[in-house]
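Structure data (PDB, C-alpha atoms and all ligand atoms) from target18.pdb:
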```pdb
MODEL        1
ATOM      1  CA  MET F  15      -3.880 -11.366  17.257  1.00  0.00           C
ATOM      2  CA  LYS F  16      -2.145  -8.460  15.476  1.00  0.00           C
ATOM      3  CA  ASN F  17      -4.545  -6.992  12.965  1.00  0.00           C
ATOM      4  CA  ILE F  18      -3.501  -5.588   9.606  1.00  0.00           C
ATOM      5  CA  VAL F  19      -5.829  -3.129   7.869  1.00  0.00           C
ATOM      6  CA  ILE F  20      -5.201  -2.560   4.152  1.00  0.00           C
ATOM      7  CA  LEU F  21      -6.370   0.578   2.321  1.00  0.00           C
ATOM      8  CA  ILE F  22      -6.914   0.421  -1.442  1.00  0.00           C
ATOM      9  CA  SER F  23      -8.382   2.590  -4.191  1.00  0.00           C
ATOM     10  CA  GLY F  24      -8.204   0.306  -7.200  1.00  0.00           C
ATOM     11  CA  GLY F  25      -7.403  -3.176  -8.426  1.00  0.00           C
ATOM     12  CA  GLY F  26      -5.803  -4.217  -5.183  1.00  0.00           C
ATOM     13  CA  SER F  27      -3.211  -6.563  -6.645  1.00  0.00           C
ATOM     14  CA  ASN F  28      -0.745  -5.666  -3.882  1.00  0.00           C
ATOM     15  CA  MET F  29      -3.441  -6.286  -1.280  1.00  0.00           C
ATOM     16  CA  ALA F  30      -4.172  -9.686  -2.876  1.00  0.00           C
ATOM     17  CA  ALA F  31      -0.459 -10.539  -2.835  1.00  0.00           C
ATOM     18  CA  ILE F  32      -0.311  -9.695   0.873  1.00  0.00           C
ATOM     19  CA  VAL F  33      -3.424 -11.786   1.634  1.00  0.00           C
ATOM     20  CA  ARG F  34      -2.040 -14.757  -0.330  1.00  0.00           C
ATOM     21  CA  THR F  35       1.349 -14.514   1.352  1.00  0.00           C
ATOM     22  CA  ALA F  36      -0.275 -14.273   4.779  1.00  0.00           C
ATOM     23  CA  ARG F  37      -2.003 -17.576   4.073  1.00  0.00           C
ATOM     24  CA  GLN F  38       0.931 -19.329   2.392  1.00  0.00           C
ATOM     25  CA  ARG F  39       3.374 -18.346   5.123  1.00  0.00           C
ATOM     26  CA  ASP F  40       0.906 -18.902   7.950  1.00  0.00           C
ATOM     27  CA  TRP F  41       1.139 -15.444   9.485  1.00  0.00           C
ATOM     28  CA  ALA F  42      -1.690 -16.375  11.842  1.00  0.00           C
ATOM     29  CA  GLY F  43       0.235 -19.314  13.286  1.00  0.00           C
ATOM     30  CA  ARG F  44       3.797 -17.991  13.049  1.00  0.00           C
ATOM     31  CA  LEU F  45       3.304 -14.280  13.684  1.00  0.00           C
ATOM     32  CA  ASP F  46      -0.091 -14.134  15.371  1.00  0.00           C
ATOM     33  CA  ALA F  47      -1.132 -11.699  12.625  1.00  0.00           C
ATOM     34  CA  GLN F  48      -3.981 -11.500  10.154  1.00  0.00           C
ATOM     35  CA  VAL F  49      -5.410  -9.220   7.468  1.00  0.00           C
ATOM     36  CA  ALA F  50      -8.475  -8.076   9.392  1.00  0.00           C
ATOM     37  CA  ALA F  51     -10.003  -5.625   6.944  1.00  0.00           C
ATOM     38  CA  VAL F  52      -9.710  -4.066   3.510  1.00  0.00           C
ATOM     39  CA  LEU F  53     -11.030  -0.507   3.242  1.00  0.00           C
ATOM     40  CA  SER F  54     -11.458   1.589   0.115  1.00  0.00           C
ATOM     41  CA  ASN F  55     -12.340   5.181  -0.690  1.00  0.00           C
ATOM     42  CA  ARG F  56     -13.996   3.931  -3.876  1.00  0.00           C
ATOM     43  CA  ALA F  57     -16.981   1.575  -4.011  1.00  0.00           C
ATOM     44  CA  ASP F  58     -15.844   0.360  -7.456  1.00  0.00           C
ATOM     45  CA  ALA F  59     -12.361  -0.669  -6.295  1.00  0.00           C
ATOM     46  CA  GLY F  60     -11.786  -4.037  -7.944  1.00  0.00           C
ATOM     47  CA  GLY F  61      -9.933  -5.429  -4.952  1.00  0.00           C
ATOM     48  CA  LEU F  62     -12.995  -5.331  -2.685  1.00  0.00           C
ATOM     49  CA  ALA F  63     -14.535  -8.385  -4.367  1.00  0.00           C
ATOM     50  CA  PHE F  64     -11.367 -10.408  -3.836  1.00  0.00           C
ATOM     51  CA  ALA F  65     -11.255  -9.429  -0.158  1.00  0.00           C
ATOM     52  CA  ARG F  66     -14.898 -10.397   0.350  1.00  0.00           C
ATOM     53  CA  GLU F  67     -14.286 -13.762  -1.338  1.00  0.00           C
ATOM     54  CA  GLN F  68     -11.480 -14.345   1.141  1.00  0.00           C
ATOM     55  CA  GLY F  69     -13.840 -13.713   4.038  1.00  0.00           C
ATOM     56  CA  ILE F  70     -12.120 -10.460   4.982  1.00  0.00           C
ATOM     57  CA  ALA F  71     -14.181  -7.564   6.345  1.00  0.00           C
ATOM     58  CA  THR F  72     -14.515  -4.699   3.869  1.00  0.00           C
ATOM     59  CA  ALA F  73     -15.862  -1.169   4.050  1.00  0.00           C
ATOM     60  CA  VAL F  74     -16.072   1.811   1.728  1.00  0.00           C
ATOM     61  CA  VAL F  75     -15.501   5.370   2.941  1.00  0.00           C
ATOM     62  CA  ASP F  76     -16.101   7.470  -0.149  1.00  0.00           C
ATOM     63  CA  HIS F  77     -14.122  10.717   0.054  1.00  0.00           C
ATOM     64  CA  LYS F  78     -16.674  12.378  -2.228  1.00  0.00           C
ATOM     65  CA  GLY F  79     -19.288  12.106   0.508  1.00  0.00           C
ATOM     66  CA  PHE F  80     -17.434  14.489   2.838  1.00  0.00           C
ATOM     67  CA  PRO F  81     -17.001  18.256   2.840  1.00  0.00           C
ATOM     68  CA  GLY F  82     -13.241  18.106   3.287  1.00  0.00           C
ATOM     69  CA  ARG F  83     -10.167  16.036   3.944  1.00  0.00           C
ATOM     70  CA  GLU F  84     -10.471  16.165   7.758  1.00  0.00           C
ATOM     71  CA  ALA F  85     -14.059  14.893   7.755  1.00  0.00           C
ATOM     72  CA  PHE F  86     -13.165  12.110   5.322  1.00  0.00           C
ATOM     73  CA  GLU F  87     -10.168  11.080   7.390  1.00  0.00           C
ATOM     74  CA  ALA F  88     -12.193  11.084  10.617  1.00  0.00           C
ATOM     75  CA  ALA F  89     -14.648   8.628   9.060  1.00  0.00           C
ATOM     76  CA  LEU F  90     -11.815   6.549   7.629  1.00  0.00           C
ATOM     77  CA  ALA F  91      -9.988   6.458  10.973  1.00  0.00           C
ATOM     78  CA  ALA F  92     -13.195   5.349  12.702  1.00  0.00           C
ATOM     79  CA  GLN F  93     -13.402   2.365  10.330  1.00  0.00           C
ATOM     80  CA  ILE F  94      -9.710   1.566  10.720  1.00  0.00           C
ATOM     81  CA  ASP F  95      -9.824   1.788  14.519  1.00  0.00           C
ATOM     82  CA  LEU F  96     -12.679  -0.742  14.732  1.00  0.00           C
ATOM     83  CA  HIS F  97      -9.965  -3.322  14.026  1.00  0.00           C
ATOM     84  CA  ARG F  98      -7.346  -1.987  16.477  1.00  0.00           C
ATOM     85  CA  PRO F  99      -4.631  -2.422  13.866  1.00  0.00           C
ATOM     86  CA  ALA F 100      -1.000  -3.160  14.631  1.00  0.00           C
ATOM     87  CA  LEU F 101      -0.286  -2.083  11.066  1.00  0.00           C
ATOM     88  CA  VAL F 102      -2.094   0.041   8.465  1.00  0.00           C
ATOM     89  CA  VAL F 103      -1.018  -0.762   4.916  1.00  0.00           C
ATOM     90  CA  LEU F 104      -1.531   1.668   2.024  1.00  0.00           C
ATOM     91  CA  ALA F 105      -1.714  -0.421  -1.139  1.00  0.00           C
ATOM     92  CA  GLY F 106      -2.550   1.786  -4.078  1.00  0.00           C
ATOM     93  CA  PHE F 107      -4.514   4.118  -1.806  1.00  0.00           C
ATOM     94  CA  MET F 108      -4.671   7.273  -3.887  1.00  0.00           C
ATOM     95  CA  ARG F 109      -5.528   9.955  -1.344  1.00  0.00           C
ATOM     96  CA  ILE F 110      -3.111  12.453   0.132  1.00  0.00           C
ATOM     97  CA  LEU F 111      -3.132  12.131   3.925  1.00  0.00           C
ATOM     98  CA  THR F 112      -2.989  15.018   6.391  1.00  0.00           C
ATOM     99  CA  PRO F 113      -0.176  15.204   8.970  1.00  0.00           C
ATOM    100  CA  ALA F 114      -2.771  14.587  11.699  1.00  0.00           C
ATOM    101  CA  PHE F 115      -3.859  11.297  10.109  1.00  0.00           C
ATOM    102  CA  VAL F 116      -0.246  10.224   9.650  1.00  0.00           C
ATOM    103  CA  ALA F 117       0.531  11.108  13.277  1.00  0.00           C
ATOM    104  CA  ARG F 118      -2.404   9.028  14.513  1.00  0.00           C
ATOM    105  CA  TYR F 119      -0.802   5.910  12.999  1.00  0.00           C
ATOM    106  CA  ALA F 120       2.822   6.908  13.519  1.00  0.00           C
ATOM    107  CA  GLY F 121       5.154   3.920  13.406  1.00  0.00           C
ATOM    108  CA  ARG F 122       2.445   1.578  12.097  1.00  0.00           C
ATOM    109  CA  LEU F 123       1.649   3.074   8.687  1.00  0.00           C
ATOM    110  CA  VAL F 124       3.411   1.840   5.549  1.00  0.00           C
ATOM    111  CA  ASN F 125       3.097   2.538   1.826  1.00  0.00           C
ATOM    112  CA  ILE F 126       4.339   1.196  -1.481  1.00  0.00           C
ATOM    113  CA  HIS F 127       5.331   3.611  -4.210  1.00  0.00           C
ATOM    114  CA  PRO F 128       6.178   2.608  -7.785  1.00  0.00           C
ATOM    115  CA  SER F 129       9.582   4.293  -8.036  1.00  0.00           C
ATOM    116  CA  LEU F 130      12.992   4.107  -6.469  1.00  0.00           C
ATOM    117  CA  LEU F 131      12.390   6.778  -3.844  1.00  0.00           C
ATOM    118  CA  PRO F 132      13.549   9.444  -3.264  1.00  0.00           C
ATOM    119  CA  ALA F 133      13.322   9.648  -7.081  1.00  0.00           C
ATOM    120  CA  PHE F 134       9.909  10.427  -8.534  1.00  0.00           C
ATOM    121  CA  PRO F 135       7.538  10.951  -5.614  1.00  0.00           C
ATOM    122  CA  GLY F 136       3.980  11.748  -6.712  1.00  0.00           C
ATOM    123  CA  LEU F 137       2.115  10.655  -9.814  1.00  0.00           C
ATOM    124  CA  HIS F 138       3.123   9.300 -13.261  1.00  0.00           C
ATOM    125  CA  THR F 139       6.317   7.741 -11.969  1.00  0.00           C
ATOM    126  CA  HIS F 140       6.859   5.405 -14.932  1.00  0.00           C
ATOM    127  CA  ARG F 141       6.303   8.126 -17.525  1.00  0.00           C
ATOM    128  CA  ARG F 142       8.735  10.401 -15.714  1.00  0.00           C
ATOM    129  CA  ALA F 143      11.354   7.626 -15.414  1.00  0.00           C
ATOM    130  CA  LEU F 144      11.104   6.937 -19.155  1.00  0.00           C
ATOM    131  CA  GLU F 145      11.281  10.639 -20.011  1.00  0.00           C
ATOM    132  CA  ALA F 146      14.368  11.055 -17.832  1.00  0.00           C
ATOM    133  CA  GLY F 147      16.098   8.179 -19.626  1.00  0.00           C
ATOM    134  CA  CYS F 148      16.461   6.059 -16.492  1.00  0.00           C
ATOM    135  CA  ARG F 149      18.181   2.701 -17.077  1.00  0.00           C
ATOM    136  CA  VAL F 150      16.571   1.196 -14.000  1.00  0.00           C
ATOM    137  CA  ALA F 151      13.242   1.648 -12.266  1.00  0.00           C
ATOM    138  CA  GLY F 152      11.589  -0.016  -9.331  1.00  0.00           C
ATOM    139  CA  ALA F 153       9.423   0.224  -6.254  1.00  0.00           C
ATOM    140  CA  THR F 154       9.833   1.239  -2.620  1.00  0.00           C
ATOM    141  CA  VAL F 155       8.108   0.174   0.574  1.00  0.00           C
ATOM    142  CA  HIS F 156       8.467   2.871   3.209  1.00  0.00           C
ATOM    143  CA  GLN F 157       7.099   4.092   6.495  1.00  0.00           C
ATOM    144  CA  VAL F 158       4.712   6.974   5.981  1.00  0.00           C
ATOM    145  CA  THR F 159       5.620  10.411   7.268  1.00  0.00           C
ATOM    146  CA  ALA F 160       3.839  13.713   6.807  1.00  0.00           C
ATOM    147  CA  GLU F 161       5.747  14.427   3.588  1.00  0.00           C
ATOM    148  CA  LEU F 162       4.232  12.692   0.539  1.00  0.00           C
ATOM    149  CA  ASP F 163       6.161   9.582  -0.610  1.00  0.00           C
ATOM    150  CA  HIS F 164       8.937  10.099   1.927  1.00  0.00           C
ATOM    151  CA  GLY F 165       9.850   8.247   5.106  1.00  0.00           C
ATOM    152  CA  PRO F 166      12.262   5.518   6.158  1.00  0.00           C
ATOM    153  CA  ILE F 167      12.720   2.899   3.448  1.00  0.00           C
ATOM    154  CA  LEU F 168      11.897  -0.703   4.386  1.00  0.00           C
ATOM    155  CA  GLU F 169      12.390  -2.513   1.038  1.00  0.00           C
ATOM    156  CA  GLN F 170      13.208  -1.712  -2.578  1.00  0.00           C
ATOM    157  CA  ALA F 171      13.241  -3.679  -5.804  1.00  0.00           C
ATOM    158  CA  VAL F 172      15.056  -2.672  -8.990  1.00  0.00           C
ATOM    159  CA  VAL F 173      14.054  -3.650 -12.530  1.00  0.00           C
ATOM    160  CA  PRO F 174      15.737  -2.770 -15.824  1.00  0.00           C
ATOM    161  CA  VAL F 175      14.192  -0.267 -18.218  1.00  0.00           C
ATOM    162  CA  LEU F 176      14.277  -2.062 -21.584  1.00  0.00           C
ATOM    163  CA  PRO F 177      14.451  -0.585 -25.085  1.00  0.00           C
ATOM    164  CA  GLY F 178      10.935   0.035 -26.379  1.00  0.00           C
ATOM    165  CA  ASP F 179       9.403   0.126 -22.906  1.00  0.00           C
ATOM    166  CA  THR F 180       6.111   1.962 -22.548  1.00  0.00           C
ATOM    167  CA  GLU F 181       4.581   3.268 -19.342  1.00  0.00           C
ATOM    168  CA  GLN F 182       2.425   0.135 -19.331  1.00  0.00           C
ATOM    169  CA  SER F 183       5.200  -2.399 -19.895  1.00  0.00           C
ATOM    170  CA  LEU F 184       7.399  -0.764 -17.270  1.00  0.00           C
ATOM    171  CA  ALA F 185       4.529  -0.528 -14.784  1.00  0.00           C
ATOM    172  CA  ALA F 186       3.789  -4.237 -15.247  1.00  0.00           C
ATOM    173  CA  ARG F 187       7.443  -5.188 -14.678  1.00  0.00           C
ATOM    174  CA  VAL F 188       7.590  -3.069 -11.529  1.00  0.00           C
ATOM    175  CA  LEU F 189       4.247  -4.403 -10.252  1.00  0.00           C
ATOM    176  CA  THR F 190       5.451  -8.030 -10.286  1.00  0.00           C
ATOM    177  CA  GLN F 191       8.257  -6.921  -7.967  1.00  0.00           C
ATOM    178  CA  GLU F 192       5.860  -4.950  -5.755  1.00  0.00           C
ATOM    179  CA  HIS F 193       3.991  -8.204  -5.138  1.00  0.00           C
ATOM    180  CA  LEU F 194       7.197  -9.728  -3.754  1.00  0.00           C
ATOM    181  CA  ILE F 195       8.617  -6.897  -1.676  1.00  0.00           C
ATOM    182  CA  TYR F 196       5.435  -5.655  -0.009  1.00  0.00           C
ATOM    183  CA  PRO F 197       4.508  -8.937   1.717  1.00  0.00           C
ATOM    184  CA  ARG F 198       8.187  -9.442   2.609  1.00  0.00           C
ATOM    185  CA  ALA F 199       8.457  -5.989   4.173  1.00  0.00           C
ATOM    186  CA  ILE F 200       5.256  -6.499   6.157  1.00  0.00           C
ATOM    187  CA  GLU F 201       6.432  -9.872   7.419  1.00  0.00           C
ATOM    188  CA  ALA F 202       9.711  -8.305   8.563  1.00  0.00           C
ATOM    189  CA  PHE F 203       7.812  -5.485  10.263  1.00  0.00           C
ATOM    190  CA  LEU F 204       5.595  -7.969  12.104  1.00  0.00           C
ATOM    191  CA  GLN F 205       8.572 -10.061  13.176  1.00  0.00           C
ATOM    192  CA  GLN F 206      10.293  -6.994  14.541  1.00  0.00           C
ATOM    193  CA  ALA F 207       7.152  -5.933  16.393  1.00  0.00           C
ATOM    194  CA  ALA F 208       6.725  -9.422  17.920  1.00  0.00           C
TER     195      ALA F 208
HETATM  196  C1  LIG F 301       0.818   0.139  -7.430  1.00  0.00           C
HETATM  197  O1  LIG F 301       1.700   0.192  -8.513  1.00  0.00           O
HETATM  198  C2  LIG F 301       1.290   1.034  -6.306  1.00  0.00           C
HETATM  199  O2  LIG F 301       2.672   1.074  -6.175  1.00  0.00           O
HETATM  200  C3  LIG F 301       0.765   2.363  -6.771  1.00  0.00           C
HETATM  201  O3  LIG F 301      -0.521   2.100  -7.286  1.00  0.00           O
HETATM  202  C4  LIG F 301      -0.539   0.760  -7.800  1.00  0.00           C
HETATM  203  C5  LIG F 301      -1.693   0.037  -7.160  1.00  0.00           C
HETATM  204  O4  LIG F 301      -1.878  -1.222  -7.748  1.00  0.00           O
HETATM  205  N1  LIG F 301       0.712   3.306  -5.691  1.00  0.00           N
HETATM  206  C6  LIG F 301       0.920   4.612  -5.839  1.00  0.00           C
HETATM  207  O5  LIG F 301       1.136   5.136  -6.910  1.00  0.00           O
HETATM  208  C7  LIG F 301       0.857   5.416  -4.553  1.00  0.00           C
HETATM  209  N2  LIG F 301       1.499   6.655  -4.704  1.00  0.00           N
HETATM  210  P1  LIG F 301      -2.786  -2.323  -7.029  1.00  0.00           P
HETATM  211  O6  LIG F 301      -4.112  -1.655  -6.683  1.00  0.00           O
HETATM  212  O7  LIG F 301      -2.982  -3.373  -8.076  1.00  0.00           O
HETATM  213  O8  LIG F 301      -2.063  -2.815  -5.815  1.00  0.00           O
ENDMDL
END
```

Go ahead and express the file in the form of structure tokens.
Amino acid sequence: MKNIVILISGGGSNMAAIVRTARQRDWAGRLDAQVAAVLSNRADAGGLAFAREQGIATAVVDHKGFPGREAFEAALAAQIDLHRPALVVLAGFMRILTPAFVARYAGRLVNIHPSLLPAFPGLHTHRRALEAGCRVAGATVHQVTAELDHGPILEQAVVPVLPGDTEQSLAARVLTQEHLIYPRAIEAFLQQAA
């Protein structure tokens, strides 16, 4: 069985979309793949409760409990590696990763970012898109490389920016698309790896 480990920091709506799609599209039967674990750097991440309800293993590795990034990542990698993952999925995981961590999971580490990369890497993507006067916005699923919010693009979705949009309304429109493209990109990745 190919194990997927999902890393979250917050609400985990992308993680939930992936878990639901895995069930609806029978990834276990068709692709011999399953979401094996959901890990978070925050104990209060809302998505952990959903994962537990689904019978998925969860663990918290709180970055605040470590003296530095390397120590945190070593503990995180130890938790990830328990599941021997074929794929590590960053889904709203809000920690910057060192090149060494990225290299450890090279070719099996993916991320979703709420902009049309290479535009607007980093934080506050929706605010910056509105300030720039963008007519379209969107989200990108990409392979993770050492450079933040870069790496080969696997999927993108485009949404219109509408008159009167706020950061919140635009973020919500983009998020509904994230829930479609992330599971789709993962399924394609798993099919390719089969
Ligand atoms: C999503 O919009 C995701 O694209 C973004 O955080 C949100 C997490 O929502 N990720 C980043 O900004 C990473 N740079 P979720 O916890 O409900 O999936």

Excluding same-chain residues fewer than 4 positions from range 84-96 of chain F, what lies within 8 Å of it counting all atoms listed in the file, as JSON, numbers by chain? {"F": [19, 53, 73, 75, 76, 77, 79, 80, 111, 112, 115]}

Distance limit 9 Å, reference ligand LIG 301 (chain F), atoms considered: all atoms listed in the file. Which residues make the cut? Give them as a compact mmCIF listing (two decimals) with C-alpha atoms, in the coordinates of the input.
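pocket.txt, freshly written:
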```txt
# COMPACT_ATOMS: atom_id res chain seq x y z
CA ILE F 22 -6.91 0.42 -1.44
CA SER F 23 -8.38 2.59 -4.19
CA GLY F 24 -8.20 0.31 -7.20
CA GLY F 25 -7.40 -3.18 -8.43
CA GLY F 26 -5.80 -4.22 -5.18
CA SER F 27 -3.21 -6.56 -6.64
CA ASN F 28 -0.74 -5.67 -3.88
CA MET F 29 -3.44 -6.29 -1.28
CA ALA F 30 -4.17 -9.69 -2.88
CA ALA F 31 -0.46 -10.54 -2.84
CA ALA F 59 -12.36 -0.67 -6.30
CA GLY F 60 -11.79 -4.04 -7.94
CA GLY F 61 -9.93 -5.43 -4.95
CA LEU F 104 -1.53 1.67 2.02
CA ALA F 105 -1.71 -0.42 -1.14
CA GLY F 106 -2.55 1.79 -4.08
CA PHE F 107 -4.51 4.12 -1.81
CA MET F 108 -4.67 7.27 -3.89
CA ARG F 109 -5.53 9.96 -1.34
CA ILE F 110 -3.11 12.45 0.13
CA ASN F 125 3.10 2.54 1.83
CA ILE F 126 4.34 1.20 -1.48
CA HIS F 127 5.33 3.61 -4.21
CA PRO F 128 6.18 2.61 -7.78
CA SER F 129 9.58 4.29 -8.04
CA PRO F 135 7.54 10.95 -5.61
CA GLY F 136 3.98 11.75 -6.71
CA LEU F 137 2.12 10.66 -9.81
CA HIS F 138 3.12 9.30 -13.26
CA THR F 139 6.32 7.74 -11.97
CA ALA F 153 9.42 0.22 -6.25
CA THR F 154 9.83 1.24 -2.62
CA VAL F 155 8.11 0.17 0.57
CA LEU F 162 4.23 12.69 0.54
CA ASP F 163 6.16 9.58 -0.61
CA ALA F 185 4.53 -0.53 -14.78
CA ALA F 186 3.79 -4.24 -15.25
CA VAL F 188 7.59 -3.07 -11.53
CA LEU F 189 4.25 -4.40 -10.25
CA GLU F 192 5.86 -4.95 -5.76
CA HIS F 193 3.99 -8.20 -5.14
```

Please measure the separation of CA of Val103 in chain F and CA of Val124 in chain F, giving the value in Å to one decimal. 5.2 Å

Run the PyMOL selection byres (((chain F and resi 178-183) around 12) and not hetatm) against the file shown and list the residues it catches, as an MDAnalysis selection string. chainID F and resid 128 138:145 147:151 173:177 184:190

Could those selected residues go to a file with C-alpha atoms, as a PDB file, in the coordinates of the input?
```
ATOM      1  CA  PRO F 128       6.178   2.608  -7.785  1.00  0.00           C
ATOM      2  CA  HIS F 138       3.123   9.300 -13.261  1.00  0.00           C
ATOM      3  CA  THR F 139       6.317   7.741 -11.969  1.00  0.00           C
ATOM      4  CA  HIS F 140       6.859   5.405 -14.932  1.00  0.00           C
ATOM      5  CA  ARG F 141       6.303   8.126 -17.525  1.00  0.00           C
ATOM      6  CA  ARG F 142       8.735  10.401 -15.714  1.00  0.00           C
ATOM      7  CA  ALA F 143      11.354   7.626 -15.414  1.00  0.00           C
ATOM      8  CA  LEU F 144      11.104   6.937 -19.155  1.00  0.00           C
ATOM      9  CA  GLU F 145      11.281  10.639 -20.011  1.00  0.00           C
ATOM     10  CA  GLY F 147      16.098   8.179 -19.626  1.00  0.00           C
ATOM     11  CA  CYS F 148      16.461   6.059 -16.492  1.00  0.00           C
ATOM     12  CA  ARG F 149      18.181   2.701 -17.077  1.00  0.00           C
ATOM     13  CA  VAL F 150      16.571   1.196 -14.000  1.00  0.00           C
ATOM     14  CA  ALA F 151      13.242   1.648 -12.266  1.00  0.00           C
ATOM     15  CA  VAL F 173      14.054  -3.650 -12.530  1.00  0.00           C
ATOM     16  CA  PRO F 174      15.737  -2.770 -15.824  1.00  0.00           C
ATOM     17  CA  VAL F 175      14.192  -0.267 -18.218  1.00  0.00           C
ATOM     18  CA  LEU F 176      14.277  -2.062 -21.584  1.00  0.00           C
ATOM     19  CA  PRO F 177      14.451  -0.585 -25.085  1.00  0.00           C
ATOM     20  CA  LEU F 184       7.399  -0.764 -17.270  1.00  0.00           C
ATOM     21  CA  ALA F 185       4.529  -0.528 -14.784  1.00  0.00           C
ATOM     22  CA  ALA F 186       3.789  -4.237 -15.247  1.00  0.00           C
ATOM     23  CA  ARG F 187       7.443  -5.188 -14.678  1.00  0.00           C
ATOM     24  CA  VAL F 188       7.590  -3.069 -11.529  1.00  0.00           C
ATOM     25  CA  LEU F 189       4.247  -4.403 -10.252  1.00  0.00           C
ATOM     26  CA  THR F 190       5.451  -8.030 -10.286  1.00  0.00           C
TER      27      THR F 190
END
```

Hey, can you check how far CA of Val49 in chain F sits from CA of Leu62 in chain F? 13.3 Å

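Near Glu169 in chain F, within 9 Å and counting all atoms listed in the file, sit F:Ala153, F:Thr154, F:Val155, F:His156, F:Ile167, F:Ala171, F:Ile195, F:Tyr196, F:Arg198, F:Ala199, not including residues fewer than 2 positions from it in the same chain.
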
Resolved residues for the PyMOL selection byres (((chain F and resi 18) around 9) and not hetatm) as a PyMOL selection string: chain F and resi 16-17+19-20+47-52+97-103

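CA of Pro81 in chain F is positioned 28.4 Å from CA of Gly121 in chain F.
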
Can you turn the PyMOL selection byres (((chain F and resi 160) around 8) and not hetatm) into a concrete residue list for this file, as a ChimeraX atom specification? /F:111-113,116-117,158-159,161-162,164

In the coordinate frame of the file, compute which residues have an atom within 7 Å of (2.4, -14.1, 18.0) when using only C-alpha atoms, and state them as a short mmCIF file (atom, residue, chain, number, x, y, z; two decimals) with C-alpha atoms, keeping the file's coordinate frame.
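Done, and the output landed in out19.cif:
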```cif
data_model
loop_
_atom_site.label_atom_id
_atom_site.label_comp_id
_atom_site.auth_asym_id
_atom_site.auth_seq_id
_atom_site.Cartn_x
_atom_site.Cartn_y
_atom_site.Cartn_z
CA MET F 15 -3.88 -11.37 17.26
CA ARG F 44 3.80 -17.99 13.05
CA LEU F 45 3.30 -14.28 13.68
CA ASP F 46 -0.09 -14.13 15.37
CA ALA F 47 -1.13 -11.70 12.62
CA ALA F 208 6.72 -9.42 17.92
#
```

Between F:Leu130, F:Leu123, F:Val172, F:Ala42, single out the one closest to Phe203 in chain F, counting all atoms listed in the file.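 Using all atoms listed in the file, the shortest distance to Phe203 in chain F belongs to F:Leu123.
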
Of the candidates F:Ala133, F:Ala57, F:Pro197, F:Gln206, which shows the shortest atom-to-atom distance to Val33 in chain F, using all atoms listed in the file? F:Pro197
